[in-house]
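Structure record follows, encoded as structure tokens.
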Amino acid sequence: MAGTPATINAPIGVFDSGVGGLSVLRHIRAQLPREHLLYFADAAFAPYGDKPERAVAQRSLAIAGFLVAQGAKALVVACNTATVAAIKLLRAQYPLMPIVGVEPGLKPGAAASRNGIVGVLATDGTLAGEKFQLLLEQISESGKARLPPCLPPRFLLQGCTGLADQIELGELDSDATARMLARYIVPLLDQGADTLVLGCTHYPLVQAAIERLIASTTARDIVLVDTGEAVARQLVRLLAAAGIDRKEDSEPALLTGYTSASATALQAAFSALLGLAVPVQAAEVGTKSSAPT
């Protein structure tokens with residue numbers, strides 16, 4: 001069933017607590033090059049990982065409302081913590097709209113592992129969330145039902161306090177970031193993990209630093225799981241199923257940025273991380289006046 005021309009040409013709204021969602025946005029742009037995109041970085045409220053789940057849920061609903069007011073035809077919650085806190089509420093609020101969240105990557109991590117030992121790097125908020133805990137239980141139980149020699153995966157959970165903050169500051173290759181990565185990752189490798197799930201959308205932005213750390217720590221082949229590509233694939237499927245994917249090339253696809261903090265900072269992040277010059281507007285959400293300024 002095809003949507004109206006206005007709906008088909010409407011943008012897709014993507015949001016995160018900051019620049020981490022740009023790792024998802026680059027996959028969306030690669031798989032849906034004709035789609036108009038809106039990106040909201042909630043830097044004034046970042047990081048989400050150390051906030052109460054209720055507060056993150058309320059903030060997510062406010063940002064979603066802002067993006068819908070800008071005409072969004074679909075939403076991507078490009079943040080693991082916000083997905084855990086708010087995805088059910090968002091789908092209840094907008095039942096007819098395609099909405100894609102970021103899964104923690106436990107299933108692809110278990111599938112990629114050769115020895116069944118999977119390290120999961122995530123924020124404390126993601127690891128403590130009900131959605132994450134339910135998914136962890138489901139995968140563990142399904143693994144127990146397999147016949148030998150297939151064993152249930154063993155997940156090593158590692159909260160990465162402060163890492164998203166470092167990435168927000170643009171310290172992708174600093175000594176401080178390298179020390180933090182070593183503190184979180186080396187113990188997982190020492191325990192035999194052959195797969196690392198990057199369970200926060202910020203973390204793929206330091207993938208090069210992670211790969212250097214792994215190479216200097218072990219000769220084993222370690223698989224890194226970035227769920228951004230899977231998010232983009234699911235978005236492609238949902239848009240096509242709803243008949244609102246933009247197939248025409250007549251107008252160039254537009255990308256617009258919004259932020260609750262510094263527009264200049266987000267513009268710099270678009271340039272440094274994606275190599276793009278993107279117009280960015282400051283905007284307030286969760287207030288009576290939520291128009292861009």
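Here's how to read the names in the structure tokens: chain A, B, ... by the order shown, residue numbers from 1 in each chain, ligand numbers from 1 in the order shown.
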
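Residues of stretch 98-147 of chain A that DSSP, applied to the backbone, places in strand (DSSP E): A:Ile99, A:Val100, A:Gly101, A:Ile117, A:Val118, A:Gly119, A:Val120, A:Leu121, A:Ala122.
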
I need the residues from that last selection saved to file as a CSV table (one decimal), in the first residue's frame (with N, CA and C atoms), if you can.
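Saved as result05.csv:
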chain,number,residue,atom,x,y,z
A,99,ILE,N,8.7,2.7,13.8
A,99,ILE,CA,9.7,3.1,14.8
A,99,ILE,C,10.7,2.0,15.0
A,100,VAL,N,12.0,2.3,14.9
A,100,VAL,CA,13.0,1.4,15.0
A,100,VAL,C,13.9,1.8,16.2
A,101,GLY,N,14.2,0.8,17.1
A,101,GLY,CA,15.1,1.1,18.2
A,101,GLY,C,16.4,0.3,18.0
A,117,ILE,N,31.7,-17.1,24.3
A,117,ILE,CA,32.0,-16.1,25.4
A,117,ILE,C,32.0,-14.7,24.7
A,118,VAL,N,31.0,-13.9,25.1
A,118,VAL,CA,30.7,-12.7,24.4
A,118,VAL,C,30.8,-11.5,25.4
A,119,GLY,N,31.6,-10.6,25.2
A,119,GLY,CA,31.7,-9.4,26.0
A,119,GLY,C,30.8,-8.3,25.5
A,120,VAL,N,30.0,-7.7,26.4
A,120,VAL,CA,29.0,-6.7,26.1
A,120,VAL,C,29.4,-5.4,26.7
A,121,LEU,N,29.8,-4.4,25.9
A,121,LEU,CA,30.1,-3.0,26.4
A,121,LEU,C,28.9,-2.2,26.2
A,122,ALA,N,28.5,-1.6,27.3
A,122,ALA,CA,27.3,-0.8,27.3
A,122,ALA,C,27.3,0.2,28.5

message = DSSP on the backbone: which residues in stretch 38-185 of chain A end up as alpha helix (DSSP H)? Give the answer as number ranges by chain.
response = A: 53-69, 80-93, 106-112, 124-128, 130-144, 163-168, 175-185

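Going from atom CA of A:Ser17 to atom CA of A:Thr161 covers 15.0 Å.
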
key: Selection: 8 Å around A:Leu198, only C-alpha atoms, excl. self and same-chain fewer than 4 positions, as a list of chain:residue names   = A:Pro104, A:Gly105, A:Val120, A:Leu121, A:Ala122, A:Tyr203, A:Pro204, A:Leu224, A:Val225, A:Asp226, A:Thr227

Could you turn the residues from that selection into a file that holds N, CA, C and O atoms, as a compact mmCIF listing (two decimals), in the first residue's frame?
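Below is the file selection_33.txt, written as the result:
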# COMPACT_ATOMS: atom_id res chain seq x y z
N PRO A 104 20.48 -4.32 21.90
CA PRO A 104 21.82 -4.39 22.48
C PRO A 104 22.83 -5.25 21.71
O PRO A 104 24.01 -5.23 22.01
N GLY A 105 22.39 -6.03 20.75
CA GLY A 105 23.32 -6.82 19.94
C GLY A 105 23.67 -8.17 20.54
O GLY A 105 24.66 -8.79 20.13
N VAL A 120 30.04 -7.70 26.44
CA VAL A 120 29.04 -6.69 26.09
C VAL A 120 29.45 -5.36 26.74
O VAL A 120 29.48 -5.24 27.96
N LEU A 121 29.78 -4.38 25.91
CA LEU A 121 30.14 -3.05 26.36
C LEU A 121 28.91 -2.16 26.25
O LEU A 121 28.33 -2.02 25.16
N ALA A 122 28.48 -1.56 27.35
CA ALA A 122 27.26 -0.76 27.32
C ALA A 122 27.26 0.22 28.48
O ALA A 122 28.12 0.17 29.37
N TYR A 203 29.96 3.91 20.78
CA TYR A 203 31.19 3.11 20.78
C TYR A 203 31.76 2.80 19.39
O TYR A 203 32.99 2.73 19.24
N PRO A 204 30.92 2.61 18.34
CA PRO A 204 31.53 2.41 17.02
C PRO A 204 32.38 3.59 16.55
O PRO A 204 33.23 3.43 15.68
N LEU A 224 33.92 -7.66 16.36
CA LEU A 224 33.22 -6.51 16.93
C LEU A 224 31.84 -6.42 16.30
O LEU A 224 31.70 -6.49 15.07
N VAL A 225 30.81 -6.28 17.13
CA VAL A 225 29.44 -6.24 16.65
C VAL A 225 28.89 -4.82 16.78
O VAL A 225 28.76 -4.30 17.89
N ASP A 226 28.60 -4.20 15.64
CA ASP A 226 27.99 -2.88 15.57
C ASP A 226 26.59 -3.07 15.01
O ASP A 226 26.42 -3.54 13.88
N THR A 227 25.56 -2.72 15.78
CA THR A 227 24.17 -3.01 15.37
C THR A 227 23.57 -1.94 14.47
O THR A 227 22.42 -2.06 14.06

inquiry  = Please list as JSON, numbers by chain every residue within 9 Å of A:Ser260, counting only C-alpha atoms and excluding residues in the same chain fewer than 3 positions away.
reply    = {"A": [40, 41, 42, 43, 44, 45, 263, 281, 282, 283, 284, 285]}

ask   = What lies within 9 Å of A:Lys247 using only C-alpha atoms, ignoring chain neighbours under 3 positions off, as a PyMOL selection string?
value = chain A and resi 8+34-35+244

Can those selected residues be exported to a file as a short mmCIF file (atom, residue, chain, number, x, y, z; two decimals), in the first residue's frame so that it contains all heavy atoms?
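This went into result_33.cif:
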data_model
loop_
_atom_site.label_atom_id
_atom_site.label_comp_id
_atom_site.auth_asym_id
_atom_site.auth_seq_id
_atom_site.Cartn_x
_atom_site.Cartn_y
_atom_site.Cartn_z
N ILE A 8 5.46 10.22 1.58
CA ILE A 8 6.65 9.58 1.01
C ILE A 8 7.85 10.53 1.06
O ILE A 8 8.97 10.12 1.35
CB ILE A 8 6.37 9.13 -0.43
CG1 ILE A 8 5.39 7.94 -0.42
CG2 ILE A 8 7.66 8.75 -1.16
CD1 ILE A 8 4.86 7.55 -1.77
N ARG A 34 18.13 8.17 -0.66
CA ARG A 34 17.15 9.13 -1.17
C ARG A 34 16.30 9.76 -0.08
O ARG A 34 15.52 10.67 -0.35
CB ARG A 34 16.24 8.44 -2.19
CG ARG A 34 16.95 7.90 -3.43
CD ARG A 34 15.94 7.35 -4.43
NE ARG A 34 16.59 6.81 -5.61
CZ ARG A 34 16.91 5.54 -5.77
NH1 ARG A 34 16.63 4.67 -4.81
NH2 ARG A 34 17.50 5.11 -6.88
N GLU A 35 16.41 9.28 1.14
CA GLU A 35 15.52 9.75 2.20
C GLU A 35 16.02 11.05 2.84
O GLU A 35 17.20 11.22 3.11
CB GLU A 35 15.37 8.68 3.29
CG GLU A 35 14.71 7.40 2.84
CD GLU A 35 13.21 7.55 2.58
OE1 GLU A 35 12.64 8.60 2.94
OE2 GLU A 35 12.63 6.60 2.01
N ILE A 244 5.98 3.86 2.11
CA ILE A 244 6.35 5.27 2.25
C ILE A 244 7.85 5.51 2.04
O ILE A 244 8.39 6.55 2.42
CB ILE A 244 5.93 5.82 3.64
CG1 ILE A 244 6.56 5.01 4.78
CG2 ILE A 244 4.42 5.85 3.78
CD1 ILE A 244 6.30 5.60 6.16
#
